[in-house]
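*Asks:* Here you go, this is final_4.json (JSON, C-alpha atoms).
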[["chain", "number", "residue", "atom", "x", "y", "z"],
["A", 1, "MET", "CA", -7.88, 22.48, -0.57],
["A", 2, "LYS", "CA", -9.16, 19.25, -2.07],
["A", 3, "LYS", "CA", -8.91, 16.21, 0.19],
["A", 4, "LEU", "CA", -7.23, 13.33, -1.59],
["A", 5, "GLU", "CA", -9.13, 10.07, -1.44],
["A", 6, "THR", "CA", -7.57, 6.67, -0.78],
["A", 7, "ASN", "CA", -7.51, 5.87, -4.51],
["A", 8, "ASP", "CA", -5.68, 9.14, -5.18],
["A", 9, "TRP", "CA", -2.94, 8.22, -2.72],
["A", 10, "ILE", "CA", -2.67, 4.75, -4.21],
["A", 11, "MET", "CA", -2.23, 6.29, -7.67],
["A", 12, "LEU", "CA", 0.40, 8.73, -6.39],
["A", 13, "ASN", "CA", 2.36, 5.89, -4.78],
["A", 14, "SER", "CA", 2.15, 3.93, -8.03],
["A", 15, "ILE", "CA", 3.46, 6.91, -10.00],
["A", 16, "ILE", "CA", 6.38, 7.39, -7.61],
["A", 17, "TYR", "CA", 7.21, 3.68, -7.79],
["A", 18, "LYS", "CA", 7.32, 3.85, -11.59],
["A", 19, "ILE", "CA", 9.52, 6.94, -11.52],
["A", 20, "TYR", "CA", 12.20, 4.99, -9.68],
["A", 21, "THR", "CA", 11.84, 1.50, -11.12],
["A", 22, "MET", "CA", 10.95, 1.67, -14.83],
["A", 23, "ASP", "CA", 14.07, 0.88, -16.86],
["A", 24, "ASP", "CA", 12.75, 2.46, -20.06],
["A", 25, "PHE", "CA", 13.14, 6.16, -19.29],
["A", 26, "ASP", "CA", 10.92, 7.46, -22.10],
["A", 27, "GLN", "CA", 8.22, 4.92, -21.30],
["A", 28, "MET", "CA", 8.32, 6.11, -17.70],
["A", 29, "ARG", "CA", 7.72, 9.68, -18.87],
["A", 30, "GLN", "CA", 4.87, 8.56, -21.12],
["A", 31, "GLU", "CA", 3.13, 6.57, -18.39],
["A", 32, "LEU", "CA", 3.68, 9.41, -15.92],
["A", 33, "MET", "CA", 1.53, 11.75, -18.02],
["A", 34, "GLU", "CA", -1.07, 9.05, -18.67],
["A", 35, "ASP", "CA", -1.34, 8.26, -14.95],
["A", 36, "LEU", "CA", -1.42, 11.93, -13.95],
["A", 37, "ALA", "CA", -4.44, 12.44, -16.19],
["A", 38, "MET", "CA", -6.36, 10.40, -13.60],
["A", 39, "LEU", "CA", -5.43, 12.89, -10.85],
["A", 40, "VAL", "CA", -5.21, 16.24, -12.65],
["A", 41, "ASP", "CA", -7.67, 17.44, -15.28],
["A", 42, "PHE", "CA", -5.68, 18.26, -18.43],
["A", 43, "ASP", "CA", -6.22, 17.58, -22.11],
["A", 44, "SER", "CA", -2.67, 17.56, -23.45],
["A", 45, "ALA", "CA", 0.87, 17.61, -22.11],
["A", 46, "ASP", "CA", 4.49, 17.50, -23.22],
["A", 47, "PHE", "CA", 7.60, 16.49, -21.31],
["A", 48, "TYR", "CA", 10.97, 17.87, -22.45],
["A", 49, "LEU", "CA", 14.48, 17.25, -21.15],
["A", 50, "ALA", "CA", 17.21, 19.85, -20.90],
["A", 51, "ALA", "CA", 19.25, 19.78, -24.10],
["A", 52, "ARG", "CA", 22.97, 19.12, -23.88],
["A", 53, "GLU", "CA", 23.74, 21.23, -26.94],
["A", 54, "GLU", "CA", 24.68, 24.80, -26.12],
["A", 55, "LYS", "CA", 22.43, 26.27, -28.82],
["A", 56, "LYS", "CA", 19.32, 24.45, -27.59],
["A", 57, "LEU", "CA", 17.35, 24.58, -24.38],
["A", 58, "LEU", "CA", 14.93, 21.66, -24.77],
["A", 59, "ASP", "CA", 15.22, 18.22, -26.29],
["A", 60, "ALA", "CA", 13.78, 14.66, -26.41],
["A", 61, "PRO", "CA", 10.06, 15.43, -26.11],
["A", 62, "VAL", "CA", 7.47, 12.88, -25.01],
["A", 63, "MET", "CA", 3.91, 13.89, -25.90],
["A", 64, "TYR", "CA", 0.46, 13.28, -24.48],
["A", 65, "HIS", "CA", -2.22, 14.23, -27.02],
["A", 66, "CYS", "CA", 0.21, 16.66, -28.66],
["A", 67, "LYS", "CA", 1.13, 16.47, -32.31],
["A", 68, "GLU", "CA", 4.33, 18.44, -32.76],
["A", 69, "ASP", "CA", 7.64, 19.34, -31.19],
["A", 70, "MET", "CA", 7.33, 22.92, -29.95],
["A", 71, "SER", "CA", 10.75, 23.27, -28.35],
["A", 72, "GLN", "CA", 11.83, 26.02, -30.75],
["A", 73, "VAL", "CA", 8.75, 28.06, -29.85],
["A", 74, "TYR", "CA", 9.36, 27.55, -26.12],
["A", 75, "GLU", "CA", 12.90, 28.81, -26.50],
["A", 76, "THR", "CA", 11.65, 32.19, -27.79],
["A", 77, "LEU", "CA", 9.83, 32.94, -24.54],
["A", 78, "ASP", "CA", 11.98, 35.29, -22.50],
["A", 79, "TYR", "CA", 9.82, 35.06, -19.38],
["A", 80, "SER", "CA", 9.70, 31.25, -19.47],
["A", 81, "MET", "CA", 13.41, 30.81, -20.18],
["A", 82, "GLY", "CA", 14.35, 32.80, -17.07],
["A", 83, "ILE", "CA", 12.22, 30.54, -14.89],
["A", 84, "MET", "CA", 13.59, 27.37, -16.48],
["A", 85, "LEU", "CA", 17.20, 28.40, -16.00],
["A", 86, "SER", "CA", 16.74, 29.55, -12.40],
["A", 87, "GLY", "CA", 18.00, 26.17, -11.19],
["A", 88, "LYS", "CA", 14.95, 25.60, -8.99],
["A", 89, "SER", "CA", 12.03, 23.21, -9.29],
["A", 90, "LEU", "CA", 8.85, 25.20, -9.66],
["A", 91, "ILE", "CA", 5.19, 24.64, -10.54],
["A", 92, "TYR", "CA", 3.22, 27.59, -11.83],
["A", 93, "ARG", "CA", 0.31, 28.60, -14.05],
["A", 94, "GLU", "CA", 1.03, 30.87, -16.98],
["A", 95, "THR", "CA", -1.66, 33.18, -15.61],
["A", 96, "ASP", "CA", 0.52, 33.56, -12.47],
["A", 97, "ILE", "CA", 3.11, 35.50, -14.47],
["A", 98, "MET", "CA", 0.89, 37.47, -16.87],
["A", 99, "SER", "CA", -2.76, 38.40, -17.09],
["A", 100, "ASP", "CA", -5.11, 36.40, -19.28],
["A", 101, "GLU", "CA", -5.80, 39.51, -21.36],
["A", 102, "THR", "CA", -2.09, 39.92, -22.11],
["A", 103, "ARG", "CA", -1.56, 36.23, -22.87],
["A", 104, "VAL", "CA", -4.09, 35.99, -25.67],
["A", 105, "ASP", "CA", -2.37, 38.80, -27.57],
["A", 106, "THR", "CA", 1.09, 37.19, -27.56],
["A", 107, "ASP", "CA", 2.57, 35.48, -30.61],
["A", 108, "TYR", "CA", 3.16, 32.40, -28.49],
["A", 109, "TYR", "CA", -0.51, 32.09, -27.61],
["A", 110, "LYS", "CA", -1.46, 32.52, -31.27],
["A", 111, "LYS", "CA", 1.13, 30.01, -32.53],
["A", 112, "VAL", "CA", 0.70, 27.33, -29.87],
["A", 113, "TYR", "CA", -2.56, 27.67, -27.98],
["A", 114, "GLN", "CA", -4.99, 28.71, -30.69],
["A", 115, "PRO", "CA", -4.16, 25.96, -33.24],
["A", 116, "ASN", "CA", -4.62, 23.33, -30.53],
["A", 117, "ASN", "CA", -7.73, 24.90, -28.97],
["A", 118, "TRP", "CA", -5.85, 25.29, -25.65],
["A", 119, "HIS", "CA", -6.29, 28.19, -23.30],
["A", 120, "TYR", "CA", -4.73, 27.51, -19.88],
["A", 121, "SER", "CA", -1.46, 25.79, -18.95],
["A", 122, "LEU", "CA", 0.34, 24.56, -15.87],
["A", 123, "GLN", "CA", 4.11, 24.13, -16.02],
["A", 124, "MET", "CA", 6.39, 21.99, -13.89],
["A", 125, "ILE", "CA", 10.07, 22.98, -13.98],
["A", 126, "ILE", "CA", 12.33, 20.14, -12.81],
["A", 127, "ALA", "CA", 15.77, 21.03, -11.43],
["A", 128, "LYS", "CA", 18.32, 19.74, -8.93],
["A", 129, "ASP", "CA", 21.42, 21.30, -7.41],
["A", 130, "ASN", "CA", 20.90, 24.48, -9.45],
["A", 131, "ARG", "CA", 20.76, 22.54, -12.73],
["A", 132, "PHE", "CA", 17.75, 22.64, -15.05],
["A", 133, "LEU", "CA", 16.79, 19.06, -15.99],
["A", 134, "GLY", "CA", 13.41, 19.17, -17.72],
["A", 135, "VAL", "CA", 9.93, 20.64, -17.95],
["A", 136, "ILE", "CA", 6.39, 19.28, -18.20],
["A", 137, "THR", "CA", 3.58, 21.49, -19.48],
["A", 138, "PHE", "CA", -0.08, 20.59, -19.03],
["A", 139, "TYR", "CA", -2.80, 22.22, -21.17],
["A", 140, "ARG", "CA", -6.54, 22.71, -20.87],
["A", 141, "VAL", "CA", -8.81, 23.39, -23.82],
["A", 142, "LYS", "CA", -10.93, 26.49, -24.18],
["A", 143, "GLY", "CA", -14.07, 26.46, -22.07],
["A", 144, "LYS", "CA", -12.44, 24.92, -19.00],
["A", 145, "ASP", "CA", -11.42, 26.80, -15.86],
["A", 146, "ASP", "CA", -7.81, 27.56, -15.05],
["A", 147, "PHE", "CA", -5.71, 25.09, -13.03],
["A", 148, "GLN", "CA", -6.09, 25.39, -9.27],
["A", 149, "TYR", "CA", -3.97, 24.98, -6.14],
["A", 150, "ASP", "CA", -5.14, 21.36, -5.81],
["A", 151, "ASP", "CA", -3.43, 20.56, -9.11],
["A", 152, "ILE", "CA", -0.22, 22.28, -8.03],
["A", 153, "PHE", "CA", -0.33, 20.39, -4.71],
["A", 154, "ILE", "CA", -0.39, 17.01, -6.46],
["A", 155, "LEU", "CA", 2.49, 17.88, -8.79],
["A", 156, "ASP", "CA", 4.47, 19.34, -5.92],
["A", 157, "MET", "CA", 4.57, 15.90, -4.29],
["A", 158, "LEU", "CA", 6.25, 14.49, -7.40],
["A", 159, "LYS", "CA", 8.79, 17.14, -8.35],
["A", 160, "ASP", "CA", 11.64, 15.98, -6.08],
["A", 161, "HIS", "CA", 11.21, 12.35, -7.17],
["A", 162, "LEU", "CA", 11.33, 13.38, -10.82],
["A", 163, "ALA", "CA", 14.35, 15.60, -10.21],
["A", 164, "TYR", "CA", 16.24, 12.64, -8.73],
["A", 165, "ARG", "CA", 15.36, 10.33, -11.64],
["A", 166, "LEU", "CA", 16.18, 12.94, -14.29],
["A", 167, "GLU", "CA", 19.52, 13.64, -12.65],
["A", 168, "GLN", "CA", 20.35, 9.92, -12.59],
["A", 169, "HIS", "CA", 19.35, 9.61, -16.25],
["A", 170, "THR", "CA", 21.44, 12.62, -17.25],
["A", 171, "ASN", "CA", 24.50, 11.37, -15.37],
["A", 172, "LEU", "CA", 24.17, 7.90, -16.86],
["A", 173, "LYS", "CA", 23.83, 9.35, -20.34],
["A", 174, "ASN", "CA", 26.95, 11.44, -19.79],
["A", 175, "HIS", "CA", 28.86, 8.35, -18.68],
["A", 176, "MET", "CA", 27.71, 6.35, -21.67],
["A", 177, "GLU", "CA", 28.72, 9.02, -24.15],
["A", 178, "GLU", "CA", 32.25, 9.06, -22.78],
["A", 179, "LYS", "CA", 33.34, 5.43, -22.90],
["A", 180, "LEU", "CA", 36.06, 4.47, -20.46],
["A", 181, "THR", "CA", 38.81, 1.93, -20.82],
["A", 182, "ILE", "CA", 38.71, -0.92, -18.31],
["A", 183, "SER", "CA", 41.60, 0.63, -16.38],
["A", 184, "GLU", "CA", 39.88, 4.01, -16.32],
["A", 185, "ALA", "CA", 36.66, 2.40, -15.06],
["A", 186, "VAL", "CA", 38.59, 0.57, -12.31],
["A", 187, "MET", "CA", 40.20, 3.81, -11.14],
["A", 188, "LYS", "CA", 37.13, 6.02, -11.47],
["A", 189, "PHE", "CA", 34.71, 3.68, -9.71],
["A", 190, "ASP", "CA", 37.18, 2.17, -7.23],
["A", 191, "LEU", "CA", 36.76, -1.45, -8.30],
["A", 192, "THR", "CA", 38.55, -4.18, -6.35],
["A", 193, "ARG", "CA", 41.16, -6.44, -7.92],
["A", 194, "ARG", "CA", 38.65, -9.27, -8.22],
["A", 195, "GLU", "CA", 36.03, -6.93, -9.71],
["A", 196, "LYS", "CA", 38.63, -5.76, -12.27],
["A", 197, "THR", "CA", 39.34, -9.35, -13.27],
["A", 198, "ILE", "CA", 35.64, -10.11, -13.67],
["A", 199, "LEU", "CA", 35.09, -6.88, -15.60],
["A", 200, "GLN", "CA", 37.89, -7.81, -18.01],
["A", 201, "MET", "CA", 36.35, -11.23, -18.55],
["A", 202, "LEU", "CA", 32.88, -9.78, -19.07],
["A", 203, "MET", "CA", 34.19, -7.27, -21.60],
["A", 204, "SER", "CA", 35.94, -10.04, -23.52],
["A", 205, "GLY", "CA", 32.59, -11.78, -23.95],
["A", 206, "ARG", "CA", 33.18, -14.67, -21.58],
["A", 207, "GLU", "CA", 30.11, -16.59, -20.39],
["A", 208, "ASN", "CA", 29.30, -16.68, -16.67],
["A", 209, "ALA", "CA", 29.92, -20.42, -16.46],
["A", 210, "ASP", "CA", 33.42, -20.03, -17.96],
["A", 211, "ILE", "CA", 34.23, -17.25, -15.52],
["A", 212, "CYS", "CA", 33.11, -19.37, -12.58],
["A", 213, "ASP", "CA", 35.24, -22.29, -13.73],
["A", 214, "GLU", "CA", 38.37, -20.21, -14.25],
["A", 215, "LEU", "CA", 38.07, -18.32, -10.96],
["A", 216, "ALA", "CA", 36.79, -21.36, -9.03],
["A", 217, "ILE", "CA", 33.79, -19.48, -7.63],
["A", 218, "SER", "CA", 30.09, -20.31, -7.46],
["A", 219, "ALA", "CA", 27.44, -18.77, -9.71],
["A", 220, "ASN", "CA", 25.98, -16.89, -6.72],
["A", 221, "THR", "CA", 29.37, -15.43, -5.82],
["A", 222, "LEU", "CA", 29.89, -14.29, -9.41],
["A", 223, "LYS", "CA", 26.42, -12.75, -9.44],
["A", 224, "LYS", "CA", 27.24, -10.74, -6.29],
["A", 225, "HIS", "CA", 30.47, -9.47, -7.87],
["A", 226, "ILE", "CA", 28.66, -8.46, -11.06],
["A", 227, "LEU", "CA", 25.90, -6.67, -9.13],
["A", 228, "ASN", "CA", 28.56, -4.79, -7.13],
["A", 229, "ILE", "CA", 30.23, -3.72, -10.38],
["A", 230, "TYR", "CA", 26.88, -2.54, -11.77],
["A", 231, "ARG", "CA", 26.13, -0.65, -8.55],
["A", 232, "LYS", "CA", 29.48, 1.14, -8.54],
["A", 233, "LEU", "CA", 29.18, 2.05, -12.22],
["A", 234, "GLY", "CA", 25.57, 3.23, -11.78],
["A", 235, "ILE", "CA", 24.16, 0.80, -14.35],
["A", 236, "LYS", "CA", 21.68, -2.08, -14.34],
["A", 237, "ASN", "CA", 22.65, -4.57, -17.02],
["A", 238, "ARG", "CA", 25.33, -5.80, -19.42],
["A", 239, "VAL", "CA", 24.01, -3.72, -22.32],
["A", 240, "GLN", "CA", 24.67, -0.55, -20.32],
["A", 241, "LEU", "CA", 28.07, -1.92, -19.32],
["A", 242, "PHE", "CA", 29.16, -2.21, -22.96],
["A", 243, "LYS", "CA", 27.91, 1.32, -23.59],
["A", 244, "LEU", "CA", 29.97, 2.67, -20.69],
["A", 245, "VAL", "CA", 33.23, 0.70, -20.96],
["A", 246, "LYS", "CA", 35.39, 0.09, -24.01],
["A", 247, "GLU", "CA", 36.03, -3.51, -24.99],
["A", 248, "TRP", "CA", 39.73, -2.75, -25.22],
["A", 249, "GLU", "CA", 42.29, -0.65, -23.37]]
Rewrite the structure of this file - the entire thing - as structure tokens.
*Replies:*
Amino acid sequence: MKKLETNDWIMLNSIIYKIYTMDDFDQMRQELMEDLAMLVDFDSADFYLAAREEKKLLDAPVMYHCKEDMSQVYETLDYSMGIMLSGKSLIYRETDIMSDETRVDTDYYKKVYQPNNWHYSLQMIIAKDNRFLGVITFYRVKGKDDFQYDDIFILDMLKDHLAYRLEQHTNLKNHMEEKLTISEAVMKFDLTRREKTILQMLMSGRENADICDELAISANTLKKHILNIYRKLGIKNRVQLFKLVKEWE
């Protein structure tokens, strides 16, 4: 097995830090693939999320040196779909599930690999608590060797971190698509009486200074209350608050 150098570990730590801290979710996915290209030799990659629509499996692609959305082609692969929906995180090479001779004769290889001059691929299934969350596929062009255990080892160190972030993103998205009234938010997230009052004032568009004056509290105290509300609701800013909670009862 390849021994990771100090710079490799530094890059891995940087990637993990970005997974947890980048607010822009799609930008995080884009930079993840760009940064991984410094650790794993691949020429192209795509990162799909699990679709919420019943008739679809994949959605919201982010591409790295790829030109088109291939989700519909992916969804025709019986062998790949079974692995994706197993509910387990897994990293595997396509050559681990079928011989190279068989692969090159499949319609999938002819429709996806040949037009892009790809030959080998490495796939990372991301799942948590038996729920499929997303998939990243890395491709190598013809003429290169297949992916090796060293590549799988590096991705394996990231899969649990990605599963956590994707789950958080999915849950937040679900919350935002089902807006709550203020009373519902108070009940669901167990807000205190003071937090309810501040939430009502925030939702009515009141400025922080006005809230402090009316409640006779300092700016720091108000900030702590607001951060506690954000923490309980699983959000980070006022924009997300207005996406999660209705401005009226």
*Asks:* Of the residues A:Arg194, A:Tyr20, A:Leu202, A:Leu215, which is the one nearest to Arg238 in chain A, using all atoms listed in the file?
*Replies:*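 Ranked by minimum distance to Arg238 in chain A, first place goes to A:Leu202.
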*Asks:* Of the candidates A:Thr137, A:Asp41, A:Ile15, A:Met63, which one gets nearest to Asp150 in chain A if we count all atoms listed in the file?
*Replies:*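 Among the listed residues, A:Asp41 lies closest to Asp150 in chain A.
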*Asks:* For Met28 in chain A, work out the shell of residues within 12 Å, counting all atoms listed in the file and skipping chain neighbours fewer than 2 positions away, then give it as a PyMOL selection string.
*Replies:* chain A and resi 14-26+30-36+47+62+162+165-166+169
*Asks:* What does the distance between CA of Thr181 in chain A and CA of Tyr164 in chain A come to in Å, to one decimal place?
*Replies:*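 Between these atoms lies a distance of 27.8 Å.
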*Asks:* Leaving out Asp145 in chain A and any residue of its chain fewer than 4 positions from it, which residues lie within 10 Å of it when counting all atoms listed in the file, given as a list in words?
*Replies:*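 The residues that qualify are His119, Tyr120, Arg140 and Val141 of chain A.
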*Asks:* Excluding same-chain residues fewer than 2 positions from range 219-221 of chain A, what lies within 12 Å of it counting all atoms listed in the file, as a ChimeraX atom specification?
*Replies:* /A:194-195,198,207-217,223-228
*Asks:* Can you tell me, as an NGL selection string, what residues are no more than 10 Å from Ala51 in chain A when counting only C-alpha atoms, ignoring any on the same chain fewer than 3 positions away?
*Replies:* :A and (48 or 54-60 or 132-134)
*Asks:* Which distance in Å separates CA of Phe147 in chain A and CA of Met98 in chain A, to one decimal?
*Replies:*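 Result for CA of Phe147 in chain A versus CA of Met98 in chain A: 14.5 Å, one decimal.
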*Asks:* Rounded to one decimal in Å, what is the spacing between CA of Leu90 in chain A and CA of Met38 in chain A?
*Replies:*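 Interatomic distance here is 21.6 Å.
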*Asks:* Rank nothing, just name the residue among A:Glu249, A:Glu5, A:Glu94, A:Asp100 nearest to Glu184 in chain A, using all atoms listed in the file.
*Replies:* A:Glu249
*Asks:* Considering only C-alpha atoms, return as a list of chain:residue names whatever protein or nucleic-acid residues lie within 10 Å of Cys66 in chain A, sequence-local ones (same chain, fewer than 4 positions apart) excluded.
*Replies:*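 Once the adjacent positions are removed, what remains is A:Asp43, A:Ser44, A:Ala45, A:Asp46, A:Val62, A:Met70, A:Asn116, A:Tyr139.
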*Asks:* Quick one: write out the picked residues with C-alpha atoms as a PDB file, in the frame of the given file?
*Replies:*
ATOM      1  CA  ASP A  43      -6.220  17.580 -22.110  1.00  0.00           C
ATOM      2  CA  SER A  44      -2.670  17.560 -23.450  1.00  0.00           C
ATOM      3  CA  ALA A  45       0.870  17.610 -22.110  1.00  0.00           C
ATOM      4  CA  ASP A  46       4.490  17.500 -23.220  1.00  0.00           C
ATOM      5  CA  VAL A  62       7.470  12.880 -25.010  1.00  0.00           C
ATOM      6  CA  MET A  70       7.330  22.920 -29.950  1.00  0.00           C
ATOM      7  CA  ASN A 116      -4.620  23.330 -30.530  1.00  0.00           C
ATOM      8  CA  TYR A 139      -2.800  22.220 -21.170  1.00  0.00           C
TER       9      TYR A 139
END
*Asks:* Point out the residue among A:Val40, A:Met81, A:Ile126, A:Met187 with the least atom-to-atom distance to His161 in chain A, counting all atoms listed in the file.
*Replies:*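 When distances to His161 in chain A are compared using all atoms listed in the file, the smallest one comes from A:Ile126.
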*Asks:* Which residue gives the smallest distance to Leu172 in chain A among A:Tyr64, A:Met11, A:Leu241, A:Gln200, with only C-alpha atoms counted?
*Replies:*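 Answer, going by the shortest atom-to-atom distance: A:Leu241.
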*Asks:* May I ask which of the residues A:Ile10, A:Val245, A:Met201, A:Val112 is the closest one to Ser183 in chain A, counting only C-alpha atoms?
*Replies:*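 For Ser183 in chain A, the nearest of the candidates is A:Val245.
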